[in-house]
Amino acid sequence: MTAPMIAPKTAQWDTIAALVRARGRERPDDLAFEIAGREMSYREVDEASDRVAAGLAARGIARGDRVVSFAYNCPEQVLTWFGCMKLGAVWAPLNVGLLGEDLAYCLRDLAPSLMVVDAENFPKLKDVSDRTPAFPVVLIDGDGTADGPEPFAALLDGAGPCPDVELGPGDPAVVIYTGGTTGMPKGVLLPQFAWIAAGQRYIEAFDVRPGDRHYSVCPLFHNSGLMLGLIGPYVAGIPTHLERWFSVSRFWERVRATGATVLDPIGTMVTLLCQQPPSDQDRNHRARVAIGVLTQVPEGVGQTFRERFGVETVNVYSLSESGGVLIVHNPVGSPKPESNGRGGERCDIAILDTNDRPVPPRTIGEICLRPKQAHTFMLGYLNHPERTLECWRNLWLHTGDLGYVDEDGYLFFVGRHAHWLRVNGESISAYEVENLLSLYPGLEEVIAIGVPSELGEESVKVFVRSESVVDPADLYRWALPRMATFKLPRFIEQVEEFPRSATKREVERHKLRALPNDKAWDAHRVFGRPRRAKTVRG
């Protein structure tokens with residue numbers, strides 16, 4: 001039986017739980033997903049997530065409680081998520097690159113009632129146990145030994161029926177941590193319907209057709225993996241295949257093996273694929289379209305990808321606060337393919353100056369958005385109502401991004417404010433890097449900026465000021481166990497003083513960005529390029 005696809009302006013479901021149950025009834029034996037080689041049908045997902053919900057309820061998890069996942073892509077993550085959605089609990093997936101104070105901060109902010117973690121990330125919890133609240137832990141691949149955490153299999157053993165919880169489209173569902181213009185990472189709290197709306201946009205953006213299959217290399221702790229790799233295909237009613245992590249060398253082999261027609265390599269992944277040696281197999285696949293997050297990759301990479309592999313791209317502009325992926329998208333066949341698309345029926349776009357006044361067409365300002373559908377943008381920042389109000393001032397969501405709109409209403413993303421960096425697909429705040437490195441003995445001041453990376457996007461560079469000579473290698477080694485790999489400074493340069501504004505004496509970051517980078521110490525030359533928490537493999 002083939003379920004009808006969602007029409008662009010209507011939705012069959014208000015909540016994730018309703019979606020999962022409907023798919024289990026309508027297409028019980030069809031493949032829902034394959035993750036890291038493990039397949040589940042829609043019925044299996046529905047039934048197993050019911051058991052997980054019952055197991056969580058038996059352990060005291062109730063509506064509004066927060067459950068954390070800390071794992072590489074695996075079916076247990078999805079079952080935990082969907083189980084939480086059936087209970088009305090809030091699910092929070094954490095980046096597997098987190099460790100040390102980064103991880104401790106998120107756990108303190110979340111104050112979880114329970115965590116589901118895999119064996120690879122479990123040791124990190126012991127390292128921060130003295131700085132985080134206590135909570136029960138369920139180990140995905142645990143064996144149930146007396147001195148170890150409870151195994152995930154225990155959640156599936158059955159603890160009575162799944163509780164019947166009445167849910168609405170605006171109920172809180174998922175916390176996604178994101179970088180910001182200032183301060184530490186903020187937990188973006190998204191409502192139930194935001195995920196259904198993301199699936200609607202997925203159908204529109206990729207012109208989903210019967211027989212389509214999705215292949216995803218994005219992690220299930222980011223909106224890219226959750227919305228593009230999982231919920232989009234789920235709403236569309238097509239199977240999806242998700243890898244445990246991105247492998248450059250095996251990418252096209254897996255595309256061919258899965259028969260995928262829709263792909264989602266983002267940013268630097270596209271650059272790495274284009275850098276592989278040409279092959280007579282480059283067009284030996286069924287893929288017809290891919291997500292296009294290509295604004296910050298080296299010039300020409302997007303065109304090379306399309307021409308070499310014969311895959312069209314859908315250029316996008318998105319952020320977690322606006323309900324995640326594809327809020328603005330430019331479909332195949334657009335008259336202005338280089339743009340990020342137009343607002344249309346999903347949202348309004350405004351380019352505003354520093355006083356929140358609209359600027360003329362083709363004038364660069366801050367990109368601001370406003371939803372046209374209820375319950376599609378964030379409910380707010382977890383535990384930070386004042387930051388939520390600041391972000392939502394004057395009834396516009398202020399993104400912190402720079403861009404312009406042309407005379408026809410097409411958006412062109414230009415860059416990010418100086419405090420916001422984009423590194424290997426991760427959005428991080430310069431403040432995060434500065435705050436931690438400032439703890440290094442002897443440093444008086446640290447300023448972090450982004451400098452262009454040869455793969456696209458940015459590399460982290462820090463300028464340090466100290467009365468004594470700073471050994472950059474020692475600073476790097478000191479930071480290594482204390483911060484996520486993608487936040488580590490690649491470039492370190494010591495200065496006597498920073499350029500400052502005449503009025504507020506603020507550091508003029510744009511002047512630091514304009515400096516040549518030939519005097520900076522380069523960690524890649526000394527220690528080699530670090531592995532990115534196994535989310536990218538050669």
# chains A, B, ... in the order shown; residues from 1 in each chain; ligands from 1
$ residues_around --residues "stretch 376-386 of chain A" --least-positions-apart "4" --cutoff "7 Å" --atoms "only C-alpha atoms" --output "ChimeraX atom specification"
/A:186-191,193-194,197,321-323,371,390
$ write_last_selection --atoms "C-alpha atoms" --output "PDB file, in the first residue's frame"
ATOM      1  CA  LYS A 186      22.141  27.717  23.598  1.00  0.00           C
ATOM      2  CA  GLY A 187      19.579  24.947  23.611  1.00  0.00           C
ATOM      3  CA  VAL A 188      17.014  25.658  20.899  1.00  0.00           C
ATOM      4  CA  LEU A 189      13.684  24.198  22.001  1.00  0.00           C
ATOM      5  CA  LEU A 190      11.602  23.131  18.994  1.00  0.00           C
ATOM      6  CA  PRO A 191       7.913  22.156  19.162  1.00  0.00           C
ATOM      7  CA  PHE A 193       4.923  20.464  14.614  1.00  0.00           C
ATOM      8  CA  ALA A 194       8.244  22.035  13.599  1.00  0.00           C
ATOM      9  CA  ALA A 197       6.718  21.154   8.820  1.00  0.00           C
ATOM     10  CA  GLU A 321      15.908  28.756  15.594  1.00  0.00           C
ATOM     11  CA  SER A 322      13.751  28.957  12.466  1.00  0.00           C
ATOM     12  CA  GLY A 323      12.648  25.367  12.728  1.00  0.00           C
ATOM     13  CA  PRO A 371       7.051  32.342  10.351  1.00  0.00           C
ATOM     14  CA  GLU A 390      16.615  39.570  22.363  1.00  0.00           C
TER      15      GLU A 390
END
$ residues_around --residues "A:Asn95" --least-positions-apart "2" --cutoff "9 Å" --atoms "only C-alpha atoms" --output "tab-separated table (two decimals) with C-alpha atoms, in the first residue's frame"
chain	number	residue	atom	x	y	z
A	70	PHE	CA	24.93	10.86	23.37
A	71	ALA	CA	25.80	8.45	20.59
A	72	TYR	CA	26.86	7.91	17.01
A	93	PRO	CA	20.76	14.72	21.28
A	97	GLY	CA	32.50	15.68	19.68
A	98	LEU	CA	31.74	17.16	23.11
A	103	LEU	CA	29.97	18.41	27.73
A	177	TYR	CA	22.34	23.01	20.86
A	219	PRO	CA	24.73	12.97	12.30
A	220	LEU	CA	21.57	12.47	14.30
A	221	PHE	CA	22.55	15.15	16.80
A	222	HIS	CA	22.10	17.93	14.21
$ closest_residue --among "A:Leu512, A:Val332, A:Val175, A:Val137" --to "A:Asp109" --atoms "only C-alpha atoms"
A:Val175
$ closest_residue --among "A:Gln12, A:Ile351, A:Leu437, A:Met40" --to "A:Pro481" --atoms "only C-alpha atoms"
A:Leu437
$ residues_around --residues "A:Val20" --least-positions-apart "4" --cutoff "9 Å" --atoms "only C-alpha atoms" --output "PyMOL selection string"
chain A and resi 15-16+24-25+42-43+45-46+49+82+234
$ write_last_selection --atoms "C-alpha atoms" --output "PDB file, in the first residue's frame"
ATOM      1  CA  THR A  15       2.941  15.594  16.253  1.00  0.00           C
ATOM      2  CA  ILE A  16       5.823  13.192  15.738  1.00  0.00           C
ATOM      3  CA  GLY A  24       3.154   1.934  11.357  1.00  0.00           C
ATOM      4  CA  ARG A  25      -0.488   1.347  10.390  1.00  0.00           C
ATOM      5  CA  TYR A  42       7.619   1.316   9.987  1.00  0.00           C
ATOM      6  CA  ARG A  43       5.736  -1.216  12.134  1.00  0.00           C
ATOM      7  CA  VAL A  45       9.771   1.344  14.682  1.00  0.00           C
ATOM      8  CA  ASP A  46       6.271   2.079  15.987  1.00  0.00           C
ATOM      9  CA  SER A  49       9.272   2.997  20.310  1.00  0.00           C
ATOM     10  CA  PHE A  82      10.222   8.560  19.224  1.00  0.00           C
ATOM     11  CA  TYR A 234       9.511   9.680   7.141  1.00  0.00           C
TER      12      TYR A 234
END
$ residues_around --residues "A:Arg342" --least-positions-apart "3" --cutoff "10 Å" --atoms "only C-alpha atoms" --output "ChimeraX atom specification"
/A:316-317,327-330,339,345-349,405,408-412
$ write_last_selection --atoms "N, CA, C and O atoms" --output "PDB file, in the first residue's frame"
ATOM      1  N   VAL A 316      20.073  26.311  -0.011  1.00  0.00           N
ATOM      2  CA  VAL A 316      19.191  26.552   1.137  1.00  0.00           C
ATOM      3  C   VAL A 316      19.766  27.637   2.040  1.00  0.00           C
ATOM      4  O   VAL A 316      20.946  27.992   1.969  1.00  0.00           O
ATOM      5  N   TYR A 317      18.902  28.141   2.906  1.00  0.00           N
ATOM      6  CA  TYR A 317      19.314  28.930   4.051  1.00  0.00           C
ATOM      7  C   TYR A 317      18.485  28.434   5.234  1.00  0.00           C
ATOM      8  O   TYR A 317      17.242  28.373   5.147  1.00  0.00           O
ATOM      9  N   ILE A 327      14.032  26.168   5.626  1.00  0.00           N
ATOM     10  CA  ILE A 327      13.041  27.215   5.833  1.00  0.00           C
ATOM     11  C   ILE A 327      13.048  28.169   4.639  1.00  0.00           C
ATOM     12  O   ILE A 327      12.028  28.711   4.243  1.00  0.00           O
ATOM     13  N   VAL A 328      14.233  28.390   4.053  1.00  0.00           N
ATOM     14  CA  VAL A 328      14.347  29.079   2.769  1.00  0.00           C
ATOM     15  C   VAL A 328      15.112  28.143   1.848  1.00  0.00           C
ATOM     16  O   VAL A 328      16.190  27.676   2.211  1.00  0.00           O
ATOM     17  N   HIS A 329      14.552  27.825   0.696  1.00  0.00           N
ATOM     18  CA  HIS A 329      15.248  26.923  -0.219  1.00  0.00           C
ATOM     19  C   HIS A 329      14.977  27.315  -1.660  1.00  0.00           C
ATOM     20  O   HIS A 329      13.940  27.890  -1.984  1.00  0.00           O
ATOM     21  N   ASN A 330      15.927  26.991  -2.509  1.00  0.00           N
ATOM     22  CA  ASN A 330      15.885  27.360  -3.915  1.00  0.00           C
ATOM     23  C   ASN A 330      15.878  26.082  -4.745  1.00  0.00           C
ATOM     24  O   ASN A 330      16.926  25.454  -4.936  1.00  0.00           O
ATOM     25  N   SER A 339      21.181  31.870  -5.692  1.00  0.00           N
ATOM     26  CA  SER A 339      20.580  32.450  -4.487  1.00  0.00           C
ATOM     27  C   SER A 339      20.193  31.351  -3.508  1.00  0.00           C
ATOM     28  O   SER A 339      20.252  30.157  -3.813  1.00  0.00           O
ATOM     29  N   GLU A 345       5.600  30.817   1.128  1.00  0.00           N
ATOM     30  CA  GLU A 345       4.495  30.501   2.028  1.00  0.00           C
ATOM     31  C   GLU A 345       4.951  30.048   3.404  1.00  0.00           C
ATOM     32  O   GLU A 345       4.135  29.914   4.315  1.00  0.00           O
ATOM     33  N   ARG A 346       6.250  29.807   3.586  1.00  0.00           N
ATOM     34  CA  ARG A 346       6.729  29.300   4.871  1.00  0.00           C
ATOM     35  C   ARG A 346       7.159  30.397   5.828  1.00  0.00           C
ATOM     36  O   ARG A 346       6.997  30.285   7.029  1.00  0.00           O
ATOM     37  N   CYS A 347       7.754  31.469   5.298  1.00  0.00           N
ATOM     38  CA  CYS A 347       8.243  32.532   6.168  1.00  0.00           C
ATOM     39  C   CYS A 347       8.420  33.818   5.377  1.00  0.00           C
ATOM     40  O   CYS A 347       8.516  33.799   4.148  1.00  0.00           O
ATOM     41  N   ASP A 348       8.442  34.916   6.110  1.00  0.00           N
ATOM     42  CA  ASP A 348       8.817  36.209   5.548  1.00  0.00           C
ATOM     43  C   ASP A 348      10.306  36.436   5.789  1.00  0.00           C
ATOM     44  O   ASP A 348      10.869  35.953   6.789  1.00  0.00           O
ATOM     45  N   ILE A 349      10.947  37.177   4.882  1.00  0.00           N
ATOM     46  CA  ILE A 349      12.354  37.535   5.018  1.00  0.00           C
ATOM     47  C   ILE A 349      12.463  39.051   5.043  1.00  0.00           C
ATOM     48  O   ILE A 349      11.826  39.743   4.245  1.00  0.00           O
ATOM     49  N   VAL A 405      18.631  40.919  -0.082  1.00  0.00           N
ATOM     50  CA  VAL A 405      17.544  40.441  -0.928  1.00  0.00           C
ATOM     51  C   VAL A 405      17.525  41.295  -2.181  1.00  0.00           C
ATOM     52  O   VAL A 405      17.640  42.524  -2.104  1.00  0.00           O
ATOM     53  N   ASP A 408      13.707  40.920  -6.763  1.00  0.00           N
ATOM     54  CA  ASP A 408      12.695  39.874  -6.939  1.00  0.00           C
ATOM     55  C   ASP A 408      12.444  39.073  -5.669  1.00  0.00           C
ATOM     56  O   ASP A 408      11.721  38.068  -5.695  1.00  0.00           O
ATOM     57  N   GLY A 409      13.062  39.493  -4.567  1.00  0.00           N
ATOM     58  CA  GLY A 409      12.825  38.818  -3.301  1.00  0.00           C
ATOM     59  C   GLY A 409      13.707  37.618  -3.034  1.00  0.00           C
ATOM     60  O   GLY A 409      13.470  36.875  -2.072  1.00  0.00           O
ATOM     61  N   TYR A 410      14.746  37.402  -3.846  1.00  0.00           N
ATOM     62  CA  TYR A 410      15.650  36.273  -3.631  1.00  0.00           C
ATOM     63  C   TYR A 410      16.700  36.639  -2.586  1.00  0.00           C
ATOM     64  O   TYR A 410      17.302  37.724  -2.642  1.00  0.00           O
ATOM     65  N   LEU A 411      16.924  35.731  -1.652  1.00  0.00           N
ATOM     66  CA  LEU A 411      17.883  35.931  -0.571  1.00  0.00           C
ATOM     67  C   LEU A 411      19.270  35.474  -0.996  1.00  0.00           C
ATOM     68  O   LEU A 411      19.432  34.408  -1.598  1.00  0.00           O
ATOM     69  N   PHE A 412      20.267  36.269  -0.631  1.00  0.00           N
ATOM     70  CA  PHE A 412      21.664  35.911  -0.867  1.00  0.00           C
ATOM     71  C   PHE A 412      22.412  36.016   0.459  1.00  0.00           C
ATOM     72  O   PHE A 412      22.564  37.106   1.012  1.00  0.00           O
TER      73      PHE A 412
END
$ atom_distance --atom1 "atom CA of A:Phe33" --atom2 "atom CA of A:Glu47"
14.5 Å
$ residues_around --residues "A:Val433" --least-positions-apart "3" --cutoff "7 Å" --atoms "only C-alpha atoms" --output "ChimeraX atom specification"
/A:430,436-437,448,487
$ residues_around --residues "stretch 240-244 of chain A" --least-positions-apart "6" --cutoff "6 Å" --atoms "only C-alpha atoms" --output "mmCIF file with all heavy atoms, in the first residue's frame"
data_model
loop_
_atom_site.group_PDB
_atom_site.id
_atom_site.type_symbol
_atom_site.label_atom_id
_atom_site.label_comp_id
_atom_site.auth_asym_id
_atom_site.auth_seq_id
_atom_site.Cartn_x
_atom_site.Cartn_y
_atom_site.Cartn_z
ATOM 1 N N PHE A 33 13.876 2.783 7.790
ATOM 2 C CA PHE A 33 15.258 3.248 7.702
ATOM 3 C C PHE A 33 16.233 2.096 7.848
ATOM 4 O O PHE A 33 15.894 1.024 8.371
ATOM 5 C CB PHE A 33 15.553 4.327 8.758
ATOM 6 C CG PHE A 33 15.354 3.890 10.193
ATOM 7 C CD1 PHE A 33 16.198 2.965 10.805
ATOM 8 C CD2 PHE A 33 14.330 4.436 10.955
ATOM 9 C CE1 PHE A 33 16.025 2.589 12.126
ATOM 10 C CE2 PHE A 33 14.146 4.071 12.283
ATOM 11 C CZ PHE A 33 14.992 3.135 12.863
ATOM 12 N N GLU A 34 17.414 2.348 7.345
ATOM 13 C CA GLU A 34 18.587 1.517 7.621
ATOM 14 C C GLU A 34 19.637 2.452 8.214
ATOM 15 O O GLU A 34 19.973 3.477 7.624
ATOM 16 C CB GLU A 34 19.132 0.875 6.346
ATOM 17 C CG GLU A 34 20.423 0.088 6.568
ATOM 18 C CD GLU A 34 21.415 0.238 5.424
ATOM 19 O OE1 GLU A 34 21.010 0.714 4.334
ATOM 20 O OE2 GLU A 34 22.594 -0.081 5.640
ATOM 21 N N ILE A 35 20.109 2.119 9.396
ATOM 22 C CA ILE A 35 21.127 2.941 10.046
ATOM 23 C C ILE A 35 22.311 2.049 10.395
ATOM 24 O O ILE A 35 22.162 1.072 11.130
ATOM 25 C CB ILE A 35 20.600 3.628 11.316
ATOM 26 C CG1 ILE A 35 19.363 4.469 11.001
ATOM 27 C CG2 ILE A 35 21.683 4.496 11.946
ATOM 28 C CD1 ILE A 35 18.770 5.172 12.201
ATOM 29 N N ALA A 36 23.459 2.397 9.834
ATOM 30 C CA ALA A 36 24.684 1.635 10.095
ATOM 31 C C ALA A 36 24.473 0.139 9.856
ATOM 32 O O ALA A 36 24.948 -0.713 10.608
ATOM 33 C CB ALA A 36 25.171 1.883 11.517
ATOM 34 N N ASN A 73 25.346 7.618 15.138
ATOM 35 C CA ASN A 73 24.105 7.207 14.480
ATOM 36 C C ASN A 73 23.819 5.727 14.716
ATOM 37 O O ASN A 73 24.650 4.862 14.409
ATOM 38 C CB ASN A 73 24.180 7.471 12.978
ATOM 39 C CG ASN A 73 24.101 8.950 12.645
ATOM 40 O OD1 ASN A 73 24.003 9.795 13.528
ATOM 41 N ND2 ASN A 73 24.142 9.263 11.353
ATOM 42 N N ARG A 213 14.601 7.325 -2.756
ATOM 43 C CA ARG A 213 15.265 6.802 -1.558
ATOM 44 C C ARG A 213 16.295 7.841 -1.127
ATOM 45 O O ARG A 213 16.965 8.446 -1.965
ATOM 46 C CB ARG A 213 15.967 5.462 -1.825
ATOM 47 C CG ARG A 213 15.077 4.382 -2.381
ATOM 48 C CD ARG A 213 15.859 3.119 -2.685
ATOM 49 N NE ARG A 213 16.144 2.352 -1.490
ATOM 50 C CZ ARG A 213 15.367 1.386 -1.007
ATOM 51 N NH1 ARG A 213 14.242 1.080 -1.639
ATOM 52 N NH2 ARG A 213 15.698 0.726 0.077
ATOM 53 N N HIS A 214 16.416 8.006 0.178
ATOM 54 C CA HIS A 214 17.356 8.997 0.704
ATOM 55 C C HIS A 214 18.603 8.299 1.232
ATOM 56 O O HIS A 214 18.533 7.227 1.831
ATOM 57 C CB HIS A 214 16.706 9.804 1.829
ATOM 58 C CG HIS A 214 17.511 10.990 2.262
ATOM 59 N ND1 HIS A 214 17.205 12.275 1.871
ATOM 60 C CD2 HIS A 214 18.630 11.097 3.028
ATOM 61 C CE1 HIS A 214 18.092 13.114 2.388
ATOM 62 N NE2 HIS A 214 18.963 12.416 3.096
ATOM 63 N N TYR A 215 19.758 8.945 1.011
ATOM 64 C CA TYR A 215 21.016 8.481 1.606
ATOM 65 C C TYR A 215 21.616 9.631 2.386
ATOM 66 O O TYR A 215 21.863 10.713 1.832
ATOM 67 C CB TYR A 215 21.997 8.000 0.535
ATOM 68 C CG TYR A 215 23.356 7.628 1.092
ATOM 69 C CD1 TYR A 215 23.494 6.559 1.962
ATOM 70 C CD2 TYR A 215 24.496 8.358 0.747
ATOM 71 C CE1 TYR A 215 24.737 6.220 2.474
ATOM 72 C CE2 TYR A 215 25.742 8.016 1.259
ATOM 73 C CZ TYR A 215 25.858 6.949 2.124
ATOM 74 O OH TYR A 215 27.083 6.618 2.643
ATOM 75 N N SER A 216 21.842 9.415 3.685
ATOM 76 C CA SER A 216 22.289 10.490 4.567
ATOM 77 C C SER A 216 23.640 10.180 5.192
ATOM 78 O O SER A 216 23.903 9.053 5.622
ATOM 79 C CB SER A 216 21.267 10.728 5.681
ATOM 80 O OG SER A 216 21.706 11.759 6.542
ATOM 81 N N VAL A 217 24.483 11.204 5.250
ATOM 82 C CA VAL A 217 25.777 11.090 5.921
ATOM 83 C C VAL A 217 25.865 12.100 7.056
ATOM 84 O O VAL A 217 26.955 12.413 7.537
ATOM 85 C CB VAL A 217 26.937 11.304 4.918
ATOM 86 C CG1 VAL A 217 27.052 10.118 3.982
ATOM 87 C CG2 VAL A 217 26.766 12.604 4.135
#
$ closest_residue --among "A:Gly310, A:Gly83, A:Gly142, A:Pro172" --to "A:Gly64" --atoms "only C-alpha atoms"
A:Pro172
